[in-house]
Amino acid sequence: MKKNIIANLIGRFWGILSNFLFIPFYIKLLGFESYSIISFSLMIAGIMAVLDAGLTATLSREFARNDKNEEQKKKIFTTLETIYYILVVLCITIIFLFSKTIATQWINTPYFTDDEITYFSRVLSFEIGFQLLLRFYLGGFLGLERQIEANLYQVAWGVVRNAIVLIPLYYFPQLDVFFIWQAVTTILFTILLKLILQKRLGNKMFSFKTKIDKVILKDIGSFAGGMMLIALVSILNTQLDKITISKLLSIENLGYYTLALALAQGLIILVNPFSAALLPRFTAFYSISKKREASELFAKSSLIISVVIFTIMMVMSFFAKDIIWIWTGDEKIAENSYHIVPIILLSYTMLALAILPYNIAIANGNTKFNNILGISSLVLTIPGYYIFTKKYGAVGAASVFCFVQIFVTLIYFYYINKKYLFLNFYTDIMLKRFIFPLLVIGLLVLCLAYIPNYFADNRILSLTWIGIITFTTLILSLGILVPKKELLTLIKFKKNKN
C-alpha cells in the first residue's frame, strides 16, 4: 500500500513538475505566441475529457472488485473498451469538424493564419482522442492495483512527449512539429499500454475484440452516470475561465493566465503528501466511531497545513514578478503576467486547504455535497466569467475564480465541521486556520520583503534569496502559530498506528 501511495504521489508530482521544467523551453524555442496556442490546446483537451463519461473510473472500480472473477473482468474490459473506441472516433471527429470554426471565430491572434490554426487543431484532434484512450488503459492498471507500473508508464510517456520533443524543436522550432510529435508519441504509447494491459488480463497481446454486452452496461450504468456528472461539473468549473478568456481576449492573455495557473498548482503538491498520509488514519478512526480522535487529528494537522500553504502563497505573491522572471528568463512575460499570480495563488490556496476536509468526507463515504457545491457554483461562474472578463480582462476572470473558491471552501469547511468534526467554526477554523495565519504570515513576509535584495540582477541568487525568505517565514510562523506538541503530531501519529 505504501509503495502504491508513493507511486501515485510521484506520478502526480511529475505531472505538475513538468510544467515548471519545460514551459520555459517551449517559450524560448517557439515564442510566447506559440505557447499561448499550446495553452489553448490544453484547454481543448480538458473540455474533451468529458467524453470519458466516467468509463475510466468505472474500469478501475470493476477491476478492483473482489466479487468479480477474471472472466467477468475480461468481458467488462471488452465492453468498456469498445465504447471507448466509439468515443475516441467521436472526439477526433468533433475537433476535426470544428477546427475551421475554432480558427475563424474563436482564437484571436495575429501571429498565425486561419489555415495554420485549422491544421494545428486537426493534428491535435488525434493527440487528444488517443490521450483519452491512454488514460483509460492507465485506469485499468490502477484498478488491478498496479499503481507503480501505471505511474512508470505515465512518467515515461511524459518524458517522451514533453521532454524529448525539445530535441526536434531545437532543430525545427515550429509549432506543427510540437503537435505532430505529441500526437505520434501518444498514439504509440496508447498501443503499447493496450498490449501490456491485455497481457495482464490473461488475453493474447495482439488480440483485437469488440463487443458491447448490454447486461454489463446495465450493471455499471448507475456508477458510470454518477462519475460522468462529477466529471462534467469538474470540467466546467476548471475550464470555464480559460474558455471565456480564449473567446473574449487575445490568445496571449490565455498564455499569461496559464502561466499563473502553472505556478499556483505547486500548492496542491504541498498538500498531497499530508493528504495521502492522513486519509487512512481518518478512515480508520471513523470506521470504529472514534470521532473525537479524528477531530483532534484534523485540528492539529490542518493548522500546520494552513501555515505551510499561506507561507508559500504569501511569498510567491510578494515576489510574483521576480519568480516569473527567474522561471522564464523573460522580463516582458513577467511584466504582463505577475499581476494575475496573487489572485490565482489565493484561489489555489483555498483549493489546497479544502483537500483535508474532503478527506474527512471521503473517510465517511460522503461525496454528494461536493456535487451540490460544484453545480451551485456554476450559478456564479457562468455569468460571472463573461461579465468580469469582458470588463476587466484576465484579472476579471481570475477574480471570479478566486471569489468562488473562497466561497465554496468556507461553506465546505462549515458543512464538514458541523457534520463530522464538531469544532467551533468561528474560533477553531476561521480565526486559527484562516485569519490569524493570513495576518501573521502576511506581516512577516512584508517585513522581510523590505530587506534589500542585492542580487536582483542574478536569477540564481535571486531564487536563493526568495528561498531564504520562505524558509525564515515558515520557521517563524510555525513557532508563533503552532504549539510544539502539535507540530510533532504528523510524525507521532504514524508510530501509534499499530
# chains A, B, ... in the order shown; residues from 1 in each chain; ligands from 1
call {"tool": "residues_around", "arguments": {"residues": "Ile196 (chain A)", "least_positions_apart": "5", "cutoff": "12 Å", "atoms": "only C-alpha atoms", "output": "PDB file with C-alpha atoms, in the first residue's frame"}}
result
ATOM      1  CA  LEU A 134      -4.341   6.062 -22.967  1.00  0.00           C
ATOM      2  CA  TYR A 137      -5.820   1.958 -20.059  1.00  0.00           C
ATOM      3  CA  LEU A 138      -3.925   3.585 -17.184  1.00  0.00           C
ATOM      4  CA  GLY A 140      -7.157  -0.350 -15.850  1.00  0.00           C
ATOM      5  CA  PHE A 141      -3.669  -0.708 -14.374  1.00  0.00           C
ATOM      6  CA  ARG A 146      -0.521  -1.890 -10.411  1.00  0.00           C
ATOM      7  CA  GLU A 149       3.577   0.161 -13.178  1.00  0.00           C
ATOM      8  CA  ALA A 150       0.906   2.676 -14.211  1.00  0.00           C
ATOM      9  CA  TYR A 153       4.259   4.331 -17.912  1.00  0.00           C
ATOM     10  CA  PHE A 189       2.165   4.718 -26.007  1.00  0.00           C
ATOM     11  CA  THR A 190      -1.578   4.019 -26.204  1.00  0.00           C
ATOM     12  CA  ILE A 191      -0.957   0.956 -28.373  1.00  0.00           C
ATOM     13  CA  LEU A 201      -5.667  -9.720 -18.045  1.00  0.00           C
ATOM     14  CA  GLY A 202      -4.569 -13.057 -19.473  1.00  0.00           C
ATOM     15  CA  ASN A 203      -5.512 -12.247 -23.062  1.00  0.00           C
ATOM     16  CA  LYS A 204      -3.274 -12.586 -26.085  1.00  0.00           C
ATOM     17  CA  MET A 205      -1.299  -9.372 -26.525  1.00  0.00           C
ATOM     18  CA  PHE A 206      -2.244  -8.815 -30.158  1.00  0.00           C
ATOM     19  CA  SER A 207      -5.851  -9.951 -29.937  1.00  0.00           C
TER      20      SER A 207
END
call {"tool": "closest_atom_pairs", "arguments": {"of": "region 225-288 of chain A", "to": "region 21-30 of chain A", "cutoff": "12 Å", "atoms": "only C-alpha atoms", "output": "tab-separated table"}}
result
residue	atom	partner	partner_atom	distance
A:Gly255	CA	A:Ile27	CA	10.2
A:Tyr256	CA	A:Ile27	CA	11.6
A:Thr258	CA	A:Ile23	CA	10.4
A:Leu259	CA	A:Ile23	CA	8.5
A:Ala260	CA	A:Ile23	CA	11.9
A:Ala262	CA	A:Ile23	CA	9.2
A:Leu263	CA	A:Ile23	CA	10.9
call {"tool": "write_last_selection", "arguments": {"atoms": "N, CA, C and O atoms", "output": "PDB file, in the first residue's frame"}}
result
ATOM      1  N   GLY A 255      -2.277  32.619 -22.514  1.00  0.00           N
ATOM      2  CA  GLY A 255      -0.929  32.174 -22.188  1.00  0.00           C
ATOM      3  C   GLY A 255      -0.466  32.705 -20.847  1.00  0.00           C
ATOM      4  O   GLY A 255       0.084  31.955 -20.027  1.00  0.00           O
ATOM      5  N   TYR A 256      -0.677  33.995 -20.588  1.00  0.00           N
ATOM      6  CA  TYR A 256      -0.288  34.589 -19.305  1.00  0.00           C
ATOM      7  C   TYR A 256      -1.076  33.962 -18.157  1.00  0.00           C
ATOM      8  O   TYR A 256      -0.529  33.677 -17.086  1.00  0.00           O
ATOM      9  N   THR A 258      -2.392  30.960 -18.083  1.00  0.00           N
ATOM     10  CA  THR A 258      -1.948  29.580 -17.890  1.00  0.00           C
ATOM     11  C   THR A 258      -0.627  29.519 -17.133  1.00  0.00           C
ATOM     12  O   THR A 258      -0.393  28.602 -16.338  1.00  0.00           O
ATOM     13  N   LEU A 259       0.249  30.507 -17.371  1.00  0.00           N
ATOM     14  CA  LEU A 259       1.497  30.583 -16.608  1.00  0.00           C
ATOM     15  C   LEU A 259       1.219  30.727 -15.115  1.00  0.00           C
ATOM     16  O   LEU A 259       1.841  30.064 -14.281  1.00  0.00           O
ATOM     17  N   ALA A 260       0.284  31.612 -14.788  1.00  0.00           N
ATOM     18  CA  ALA A 260      -0.080  31.817 -13.380  1.00  0.00           C
ATOM     19  C   ALA A 260      -0.647  30.536 -12.775  1.00  0.00           C
ATOM     20  O   ALA A 260      -0.336  30.180 -11.631  1.00  0.00           O
ATOM     21  N   ALA A 262       0.038  27.466 -13.720  1.00  0.00           N
ATOM     22  CA  ALA A 262       1.133  26.501 -13.581  1.00  0.00           C
ATOM     23  C   ALA A 262       1.919  26.738 -12.302  1.00  0.00           C
ATOM     24  O   ALA A 262       2.324  25.788 -11.622  1.00  0.00           O
ATOM     25  N   LEU A 263       2.134  28.008 -11.946  1.00  0.00           N
ATOM     26  CA  LEU A 263       2.819  28.333 -10.697  1.00  0.00           C
ATOM     27  C   LEU A 263       1.993  27.922  -9.482  1.00  0.00           C
ATOM     28  O   LEU A 263       2.499  27.324  -8.539  1.00  0.00           O
TER      29      LEU A 263
END
call {"tool": "atom_distance", "arguments": {"atom1": "CA of Gln105 (chain A)", "atom2": "CA of Val177 (chain A)"}}
result
24.5 Å
call {"tool": "closest_residue", "arguments": {"among": "A:Ala284, A:Ile429, A:Ile441, A:Asp213", "to": "Ile312 (chain A)", "atoms": "only C-alpha atoms"}}
result
A:Ile441
call {"tool": "residues_around", "arguments": {"residues": "Val440 (chain A)", "least_positions_apart": "2", "cutoff": "10 Å", "atoms": "only C-alpha atoms", "output": "list in words"}}
result
Val307, Phe310, Thr311, Ile435, Phe436, Pro437, Leu438, Gly442, Leu443, Leu444, Val445, Leu446, Thr473, Leu476, Ser477, Ile480 and Leu481 of chain A
call {"tool": "write_last_selection", "arguments": {"atoms": "C-alpha atoms", "output": "short mmCIF file (atom, residue, chain, number, x, y, z; two decimals), in the first residue's frame"}}
result
data_model
loop_
_atom_site.label_atom_id
_atom_site.label_comp_id
_atom_site.auth_asym_id
_atom_site.auth_seq_id
_atom_site.Cartn_x
_atom_site.Cartn_y
_atom_site.Cartn_z
CA VAL A 307 0.70 27.73 7.95
CA PHE A 310 -0.21 30.51 3.47
CA THR A 311 3.56 30.93 3.74
CA ILE A 435 -7.47 34.83 9.61
CA PHE A 436 -4.57 34.55 12.11
CA PRO A 437 -2.21 32.67 9.75
CA LEU A 438 -3.00 35.08 6.92
CA GLY A 442 1.50 38.43 5.66
CA LEU A 443 3.15 40.74 8.21
CA LEU A 444 6.29 38.57 8.38
CA VAL A 445 6.68 38.45 4.59
CA LEU A 446 6.03 42.19 4.33
CA THR A 473 8.91 32.95 7.29
CA LEU A 476 8.87 31.97 12.44
CA SER A 477 5.19 31.41 11.59
CA ILE A 480 4.25 31.70 16.52
CA LEU A 481 1.10 29.90 15.38
#
call {"tool": "closest_residue", "arguments": {"among": "A:Arg135, A:Ala397, A:Gln405, A:Thr464", "to": "Thr349 (chain A)", "atoms": "only C-alpha atoms"}}
result
A:Gln405
call {"tool": "atom_distance", "arguments": {"atom1": "CA of Val233 (chain A)", "atom2": "CA of Ala354 (chain A)"}}
result
17.1 Å
